[in-house]
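start-v6.txt (compact mmCIF, C-alpha atoms)
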# COMPACT_ATOMS: atom_id res chain seq x y z
CA MET A 1 94.71 97.26 131.41
CA GLU A 2 96.47 93.90 131.10
CA ALA A 3 100.19 94.19 130.38
CA ILE A 4 103.62 92.65 130.90
CA VAL A 5 105.95 95.01 132.75
CA TYR A 6 109.57 94.89 133.89
CA GLU A 7 111.41 97.39 136.09
CA GLU A 8 114.99 96.16 135.82
CA PHE A 9 117.21 94.31 133.38
CA GLY A 10 117.53 90.57 133.84
CA GLY A 11 116.21 87.15 132.96
CA PRO A 12 112.59 86.18 132.25
CA GLU A 13 111.85 86.32 135.97
CA VAL A 14 111.82 90.16 135.83
CA LEU A 15 108.69 90.08 133.65
CA ARG A 16 105.52 90.72 135.65
CA HIS A 17 101.97 90.19 134.44
CA THR A 18 99.54 92.82 135.70
CA ALA A 19 95.90 93.72 135.13
CA GLY A 20 96.36 97.21 136.55
CA ALA A 21 98.67 98.97 134.10
CA ALA A 22 97.69 102.50 133.05
CA VAL A 23 96.01 102.81 129.65
CA PRO A 24 98.24 105.03 127.44
CA GLU A 25 96.84 108.14 125.77
CA PRO A 26 97.77 109.06 122.18
CA GLY A 27 99.60 112.31 121.56
CA PRO A 28 99.57 114.41 118.37
CA GLY A 29 100.03 112.22 115.31
CA GLU A 30 99.65 109.04 117.34
CA VAL A 31 97.04 106.29 117.44
CA ARG A 32 95.94 104.06 120.29
CA VAL A 33 95.30 100.47 119.27
CA LYS A 34 93.48 97.69 121.09
CA VAL A 35 95.97 94.89 120.57
CA ALA A 36 94.70 91.63 119.09
CA ALA A 37 98.05 89.85 118.62
CA VAL A 38 101.70 90.50 119.46
CA GLY A 39 104.74 89.25 117.57
CA VAL A 40 107.59 87.98 119.78
CA ASN A 41 111.15 88.68 118.59
CA PRO A 42 114.67 87.95 119.86
CA VAL A 43 115.13 91.70 120.35
CA ASP A 44 112.44 91.54 123.06
CA TRP A 45 114.59 89.44 125.39
CA LYS A 46 117.79 91.19 124.29
CA ARG A 47 116.20 94.47 125.43
CA ARG A 48 115.14 92.81 128.67
CA TYR A 49 118.78 91.94 129.33
CA GLY A 50 119.87 95.49 128.43
CA TRP A 51 121.98 94.33 125.50
CA VAL A 52 120.65 96.67 122.79
CA GLU A 53 120.36 100.01 124.60
CA GLU A 54 122.27 101.68 121.76
CA PHE A 55 119.34 101.02 119.44
CA TYR A 56 116.38 100.72 121.84
CA PRO A 57 116.95 102.77 125.03
CA THR A 58 114.78 101.66 127.93
CA THR A 59 112.76 103.75 130.36
CA PHE A 60 111.43 101.85 133.38
CA PRO A 61 108.83 100.59 133.97
CA ALA A 62 108.97 99.08 130.49
CA VAL A 63 106.53 97.03 128.44
CA PRO A 64 108.22 94.66 125.95
CA GLY A 65 107.36 94.20 122.32
CA LEU A 66 107.70 96.11 119.06
CA GLU A 67 105.05 94.75 116.69
CA PHE A 68 101.32 94.18 116.87
CA ALA A 69 98.07 93.83 115.00
CA GLY A 70 94.86 95.27 116.37
CA THR A 71 91.99 97.74 116.07
CA VAL A 72 92.23 101.53 116.17
CA ASP A 73 90.75 102.63 119.51
CA ARG A 74 91.52 106.35 119.71
CA LEU A 75 93.08 108.97 117.44
CA GLY A 76 95.53 111.63 118.53
CA GLU A 77 95.37 115.21 117.35
CA GLY A 78 96.10 115.66 113.66
CA VAL A 79 95.69 112.03 112.63
CA THR A 80 93.96 111.65 109.29
CA GLY A 81 93.07 108.73 107.05
CA LEU A 82 92.10 106.48 109.96
CA THR A 83 88.91 105.93 111.94
CA VAL A 84 88.15 104.17 115.19
CA GLY A 85 87.52 100.50 114.44
CA ASP A 86 90.01 100.21 111.57
CA GLU A 87 92.03 96.98 111.62
CA VAL A 88 95.77 97.72 111.43
CA LEU A 89 99.25 96.34 112.01
CA GLY A 90 102.49 98.08 112.79
CA TRP A 91 105.01 99.25 115.36
CA THR A 92 104.30 100.42 118.88
CA LYS A 93 105.98 103.22 120.85
CA THR A 94 104.80 102.03 124.27
CA GLY A 95 105.30 98.25 124.12
CA ALA A 96 103.14 95.62 122.43
CA TYR A 97 102.79 93.17 125.34
CA ALA A 98 99.68 94.98 126.50
CA GLU A 99 95.95 95.30 125.96
CA TYR A 100 96.42 98.79 124.47
CA ALA A 101 99.43 100.34 122.73
CA ILE A 102 100.38 103.66 121.15
CA ALA A 103 101.64 103.62 117.57
CA ASP A 104 102.62 106.06 114.86
CA ILE A 105 103.77 103.63 112.16
CA ILE A 106 100.75 101.58 111.12
CA VAL A 107 99.10 100.36 107.92
CA PRO A 108 95.72 98.79 107.17
CA LYS A 109 95.34 95.06 107.72
CA PRO A 110 94.06 93.44 104.52
CA ALA A 111 90.75 91.62 104.81
CA GLY A 112 91.26 87.92 105.32
CA LEU A 113 94.71 88.26 106.87
CA SER A 114 94.70 86.65 110.31
CA TRP A 115 95.67 88.65 113.38
CA GLU A 116 98.50 86.20 114.07
CA THR A 117 100.03 86.53 110.61
CA ALA A 118 99.55 90.30 110.60
CA ALA A 119 101.42 90.61 113.90
CA SER A 120 104.30 88.53 112.53
CA LEU A 121 105.07 90.87 109.61
CA PRO A 122 106.36 94.27 110.84
CA VAL A 123 109.72 93.33 112.34
CA ALA A 124 110.62 90.49 109.98
CA GLY A 125 109.54 92.35 106.86
CA GLU A 126 111.17 95.65 107.74
CA THR A 127 114.42 94.04 108.89
CA ALA A 128 114.75 91.79 105.85
CA GLN A 129 113.94 94.60 103.41
CA ARG A 130 116.28 97.05 105.16
CA VAL A 131 119.23 94.65 104.97
CA LEU A 132 118.57 93.72 101.34
CA ASP A 133 118.46 97.44 100.49
CA LEU A 134 121.71 98.06 102.38
CA LEU A 135 123.37 95.22 100.50
CA GLY A 136 122.02 96.48 97.20
CA VAL A 137 121.36 92.97 95.90
CA ARG A 138 119.84 92.87 92.45
CA ALA A 139 118.58 90.39 89.89
CA GLY A 140 121.25 87.98 88.69
CA GLU A 141 123.37 88.23 91.85
CA THR A 142 123.92 85.54 94.46
CA LEU A 143 123.23 86.15 98.16
CA PHE A 144 124.40 83.98 101.04
CA LEU A 145 121.85 84.25 103.85
CA HIS A 146 123.03 82.82 107.15
CA GLY A 147 120.11 81.70 109.31
CA ALA A 148 117.76 81.45 106.35
CA ALA A 149 115.08 79.34 108.06
CA GLY A 150 114.44 81.82 110.88
CA VAL A 151 111.57 84.27 110.64
CA VAL A 152 113.66 87.21 109.38
CA GLY A 153 115.81 84.94 107.26
CA SER A 154 112.88 83.20 105.58
CA VAL A 155 111.26 86.53 104.72
CA GLY A 156 114.61 87.70 103.37
CA VAL A 157 114.82 84.59 101.19
CA GLN A 158 111.37 85.23 99.72
CA LEU A 159 111.98 88.93 99.03
CA ALA A 160 115.35 88.24 97.43
CA VAL A 161 114.09 85.36 95.28
CA ALA A 162 111.15 87.48 94.14
CA ALA A 163 113.68 90.12 93.03
CA GLY A 164 115.54 87.61 90.87
CA VAL A 165 118.40 86.96 93.32
CA THR A 166 119.86 83.47 93.77
CA VAL A 167 119.88 82.67 97.51
CA VAL A 168 122.11 80.17 99.25
CA GLY A 169 120.75 79.76 102.76
CA SER A 170 122.29 78.10 105.80
CA ALA A 171 120.08 76.18 108.21
CA SER A 172 119.92 72.93 110.13
CA GLU A 173 119.31 69.95 107.84
CA SER A 174 115.79 69.52 109.22
CA ASN A 175 114.92 72.89 107.62
CA HIS A 176 116.43 72.23 104.19
CA ALA A 177 113.16 71.09 102.61
CA TYR A 178 111.50 74.27 103.89
CA LEU A 179 114.20 76.43 102.30
CA ARG A 180 113.82 74.64 98.99
CA GLU A 181 110.09 75.41 99.11
CA LEU A 182 110.98 79.10 99.51
CA GLY A 183 113.32 78.97 96.53
CA ALA A 184 116.70 78.88 98.30
CA ILE A 185 119.63 76.49 97.91
CA PRO A 186 120.17 75.07 101.42
CA VAL A 187 123.52 74.38 103.05
CA ALA A 188 124.21 73.01 106.53
CA TYR A 189 125.64 74.95 109.46
CA GLY A 190 128.97 74.07 111.03
CA GLU A 191 132.59 73.47 110.13
CA GLY A 192 133.25 73.61 106.41
CA LEU A 193 130.45 76.11 105.79
CA ALA A 194 132.52 78.20 103.36
CA ASP A 195 133.26 75.15 101.21
CA ARG A 196 129.59 74.16 101.12
CA VAL A 197 128.57 77.66 100.08
CA ARG A 198 131.19 77.66 97.30
CA ALA A 199 129.90 74.29 96.08
CA ALA A 200 126.34 75.65 96.03
CA ALA A 201 127.44 78.87 94.29
CA PRO A 202 130.41 77.94 92.06
CA ASP A 203 130.38 81.37 90.41
CA GLY A 204 130.81 83.05 93.80
CA VAL A 205 128.75 85.06 96.26
CA ASP A 206 128.01 88.75 95.76
CA ALA A 207 126.65 89.64 99.19
CA VAL A 208 126.10 88.15 102.67
CA PHE A 209 123.14 88.66 105.01
CA ASP A 210 123.90 87.37 108.51
CA ALA A 211 120.61 86.79 110.32
CA ALA A 212 121.93 84.30 112.88
CA GLY A 213 125.34 85.35 114.21
CA HIS A 214 127.31 82.54 115.83
CA GLY A 215 130.65 83.80 114.52
CA VAL A 216 129.95 83.59 110.80
CA LEU A 217 131.48 86.97 109.86
CA PRO A 218 135.00 85.60 109.17
CA VAL A 219 133.39 83.08 106.80
CA ALA A 220 131.44 85.87 105.12
CA ILE A 221 134.61 87.92 104.62
CA GLU A 222 136.38 84.87 103.22
CA LEU A 223 133.54 84.21 100.76
CA LEU A 224 133.75 87.75 99.42
CA GLY A 225 137.53 87.71 99.28
CA GLY A 226 137.89 90.53 101.77
CA GLY A 227 140.02 88.86 104.42
CA GLY A 228 143.59 89.32 105.52
CA PRO A 229 145.37 92.16 107.33
CA GLY A 230 144.74 95.60 105.94
CA GLY A 231 147.24 97.89 107.65
CA GLU A 232 150.25 97.24 105.37
CA ALA A 233 148.32 96.46 102.18
CA PRO A 234 148.46 98.93 99.27
CA ALA A 235 145.78 101.61 99.32
CA LYS A 236 143.97 100.17 96.27
CA GLU A 237 143.78 96.71 97.88
CA ARG A 238 142.53 98.17 101.19
CA LYS A 239 139.83 100.07 99.30
CA GLU A 240 138.74 96.92 97.45
CA ARG A 241 138.54 94.98 100.73
CA LYS A 242 136.45 97.72 102.29
CA GLN A 243 134.09 97.73 99.32
CA ARG A 244 133.67 93.97 99.56
CA LYS A 245 132.94 94.18 103.28
CA GLU A 246 130.25 96.77 102.57
CA ARG A 247 128.31 93.93 100.96
CA ILE A 248 128.09 92.09 104.27
CA VAL A 249 125.45 93.10 106.81
CA THR A 250 124.64 91.45 110.13
CA ILE A 251 121.64 91.85 112.41
CA ALA A 252 122.94 89.35 114.96
CA ASP A 253 126.68 89.72 115.63
CA VAL A 254 127.63 92.48 118.08
CA ASP A 255 131.30 92.02 117.08
CA ALA A 256 130.55 93.47 113.64
CA GLU A 257 132.59 96.64 114.19
CA LYS A 258 135.68 94.59 114.98
CA TYR A 259 135.52 93.11 111.48
CA GLY A 260 134.61 96.34 109.76
CA ILE A 261 131.12 94.99 109.02
CA VAL A 262 127.83 96.91 109.16
CA PHE A 263 125.52 96.00 112.06
CA SER A 264 121.97 97.04 111.18
CA GLY A 265 119.58 97.37 114.09
CA SER A 266 117.64 100.62 113.73
CA LEU A 267 114.28 101.17 112.10
CA GLY A 268 114.49 102.82 108.71
CA ASP A 269 112.72 105.90 107.32
CA PRO A 270 109.09 105.83 108.57
CA GLU A 271 107.57 106.42 105.12
CA ALA A 272 109.66 103.63 103.62
CA VAL A 273 108.72 101.38 106.54
CA ARG A 274 105.01 102.05 105.94
CA ALA A 275 105.35 101.40 102.22
CA GLY A 276 107.22 98.16 102.80
CA LEU A 277 104.79 96.94 105.46
CA THR A 278 101.82 97.69 103.20
CA ALA A 279 103.40 95.64 100.41
CA HIS A 280 104.29 92.78 102.74
CA ALA A 281 100.79 92.68 104.24
CA ARG A 282 99.25 92.54 100.77
CA GLY A 283 101.69 89.80 99.80
CA ALA A 284 100.82 87.80 102.89
CA ALA A 285 97.10 88.20 102.20
CA ALA A 286 97.64 87.04 98.61
CA GLY A 287 99.79 84.09 99.69
CA THR A 288 102.95 85.28 97.94
CA LEU A 289 104.76 86.01 101.23
CA THR A 290 104.55 83.56 104.10
CA VAL A 291 105.65 83.53 107.73
CA ARG A 292 105.79 80.20 109.51
CA LEU A 293 103.87 80.38 112.79
CA ALA A 294 105.21 78.30 115.68
CA ASP A 295 102.71 78.80 118.50
CA THR A 296 100.13 81.21 119.92
CA LEU A 297 99.89 81.67 123.68
CA PRO A 298 98.12 84.03 126.12
CA LEU A 299 99.93 87.21 127.19
CA LYS A 300 100.36 85.97 130.75
CA GLU A 301 102.75 83.31 129.36
CA ALA A 302 105.17 86.00 128.13
CA ALA A 303 108.10 84.90 130.33
CA ARG A 304 107.85 81.31 129.11
CA VAL A 305 107.49 82.45 125.50
CA GLN A 306 110.62 84.61 125.75
CA GLU A 307 112.48 81.61 127.17
CA LEU A 308 111.35 79.57 124.16
CA SER A 309 112.54 82.31 121.82
CA GLU A 310 115.89 82.56 123.58
CA SER A 311 116.42 78.78 123.33
CA GLY A 312 116.81 79.11 119.58
CA HIS A 313 114.90 75.88 118.95
CA VAL A 314 111.56 77.34 117.83
CA ARG A 315 110.54 76.88 114.22
CA GLY A 316 108.60 79.95 113.24
CA LYS A 317 106.97 82.92 114.87
CA LEU A 318 105.74 83.00 118.46
CA ILE A 319 102.57 85.04 119.03
CA LEU A 320 101.02 86.38 122.24
CA ILE A 321 97.32 87.17 122.61
CA PRO A 322 96.21 89.75 125.26
As a first step, turn the structure in this file into structure tokens.
Amino acid sequence: MEAIVYEEFGGPEVLRHTAGAAVPEPGPGEVRVKVAAVGVNPVDWKRRYGWVEEFYPTTFPAVPGLEFAGTVDRLGEGVTGLTVGDEVLGWTKTGAYAEYAIADIIVPKPAGLSWETAASLPVAGETAQRVLDLLGVRAGETLFLHGAAGVVGSVGVQLAVAAGVTVVGSASESNHAYLRELGAIPVAYGEGLADRVRAAAPDGVDAVFDAAGHGVLPVAIELLGGGGPGGEAPAKERKERKQRKERIVTIADVDAEKYGIVFSGSLGDPEAVRAGLTAHARGAAAGTLTVRLADTLPLKEAARVQELSESGHVRGKLILIP
């Protein structure tokens, strides 16, 4: 089958396009899918570099990619509720940059939902929902979402706004109109960010979702009033600071532990993931949840597409087509 394979950590040059990869076979409880579209994510190239082994351990030769949309091709032993030919989207166990992939977390693709949009939902939807759940944001609260115009960030904005949460979102000024369309209050990146967030949310911020990194955690701690040294502070004050920091979650800053902040990078409970993905797919089909698509390219262009993703200058989701 056609696939992208790499056998060592490194830059995009380690990715190799082949037409002779072995077709995977589904085990008990698994499904083989003929892939129609693949969503490209920053974690794909971070895995290629070997930066996220704690969350996604690699066995070589490896096929990149976590999310896909496609058609059920073969059922493993014990699989029920699915038939060959069903259109689905979900997460792969064997790598999505391939003609065929094995999956065990999949949901039906709603009629009318494009393959490209379907393939853009699993990672962004699950990540955004997981972080919002960890933060415990609820109606009437104010969330600061750093990196709000990115794919995960923009989904997070929509889910939070739909739940009655006021969202202040940071992004480049060229994306401010887009954030307003999603229901967020935009603020610009850069020096003075904390002051701009305070101006946008004069009653304060209740929680922070860091979807972009770039050293924003000290600003997040400052916004929630959890800064300062903790070692000599009274026990009550240390406890209050810890509680405030628990309302900050990052998916992008590997220095999180140094600040006492939660780094969230692991997939949640499979049943909850399925339920969330089903809801997000239905929302996308109904037009109440949108993902901005940047470009669609053939699978053989995977190295170039990962370079584009790594550049940080892409507006929207990159999609590969086997």
Counting only C-alpha atoms, find the residues whose atoms lie at most 9 Å from (132.2, 88.5, 116.8) (file coordinates) and write them out as number ranges by chain.
-> A: 213-218, 253-259
Distance query Glu25 of chain A at most 12 Å, only C-alpha atoms, self and fewer than 2 positions along chain excluded, as a PDB file with C-alpha atoms, in the coordinates of the input:
ATOM      1  CA  ALA A  22      97.690 102.500 133.050  1.00  0.00           C
ATOM      2  CA  VAL A  23      96.010 102.810 129.650  1.00  0.00           C
ATOM      3  CA  GLY A  27      99.600 112.310 121.560  1.00  0.00           C
ATOM      4  CA  PRO A  28      99.570 114.410 118.370  1.00  0.00           C
ATOM      5  CA  GLY A  29     100.030 112.220 115.310  1.00  0.00           C
ATOM      6  CA  GLU A  30      99.650 109.040 117.340  1.00  0.00           C
ATOM      7  CA  VAL A  31      97.040 106.290 117.440  1.00  0.00           C
ATOM      8  CA  ARG A  32      95.940 104.060 120.290  1.00  0.00           C
ATOM      9  CA  VAL A  33      95.300 100.470 119.270  1.00  0.00           C
ATOM     10  CA  LYS A  34      93.480  97.690 121.090  1.00  0.00           C
ATOM     11  CA  ASP A  73      90.750 102.630 119.510  1.00  0.00           C
ATOM     12  CA  ARG A  74      91.520 106.350 119.710  1.00  0.00           C
ATOM     13  CA  LEU A  75      93.080 108.970 117.440  1.00  0.00           C
ATOM     14  CA  GLY A  76      95.530 111.630 118.530  1.00  0.00           C
ATOM     15  CA  GLU A  77      95.370 115.210 117.350  1.00  0.00           C
ATOM     16  CA  LYS A  93     105.980 103.220 120.850  1.00  0.00           C
ATOM     17  CA  THR A  94     104.800 102.030 124.270  1.00  0.00           C
ATOM     18  CA  TYR A 100      96.420  98.790 124.470  1.00  0.00           C
ATOM     19  CA  ALA A 101      99.430 100.340 122.730  1.00  0.00           C
ATOM     20  CA  ILE A 102     100.380 103.660 121.150  1.00  0.00           C
ATOM     21  CA  ALA A 103     101.640 103.620 117.570  1.00  0.00           C
TER      22      ALA A 103
END
Could you work out how far atom CA of Leu121 of chain A lies from atom CA of Gly11 of chain A, giving the answer in Å with one decimal?
-> 26.1 Å
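Between atom CA of Gly153 of chain A and atom CA of Leu134 of chain A lies a distance of 15.2 Å.
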Find the residues near Trp51 of chain A: any atom within 12 Å, counting all atoms listed in the file, skip ones fewer than 4 places away on the same chain, and give them as a PyMOL selection string.
-> chain A and resi 9-11+42-47+55-58+252-254
Exercise: Ala199 of chain A partners within 12 Å, all atoms listed in the file, chain neighbours under 5 positions left out, as a PyMOL selection string | chain A and resi 168+185-188+192-194+204-205+223
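In this structure, atom CA of Val63 of chain A sits 5.8 Å away from atom CA of Ile4 of chain A.
Among the candidate residues A:Val208, A:Val72, A:Pro108, A:Gly265, the one lying nearest to Ala285 of chain A is A:Pro108, with distances computed using all atoms listed in the file.
The nearest approach to Gly112 of chain A among the residues A:Leu299, A:Ala98, A:Ala281, A:Val219, with only C-alpha atoms taken into account, belongs to A:Ala281.
Compared by their closest atoms to Gly164 of chain A, and using only C-alpha atoms, the residues A:Val151, A:Val314, A:Leu143, A:Val273 rank with A:Leu143 nearest.
Proximity ranking of A:Val197, A:Val152, A:Ala62, A:Leu224 relative to Arg48 of chain A places A:Ala62 first, based on all atoms listed in the file.
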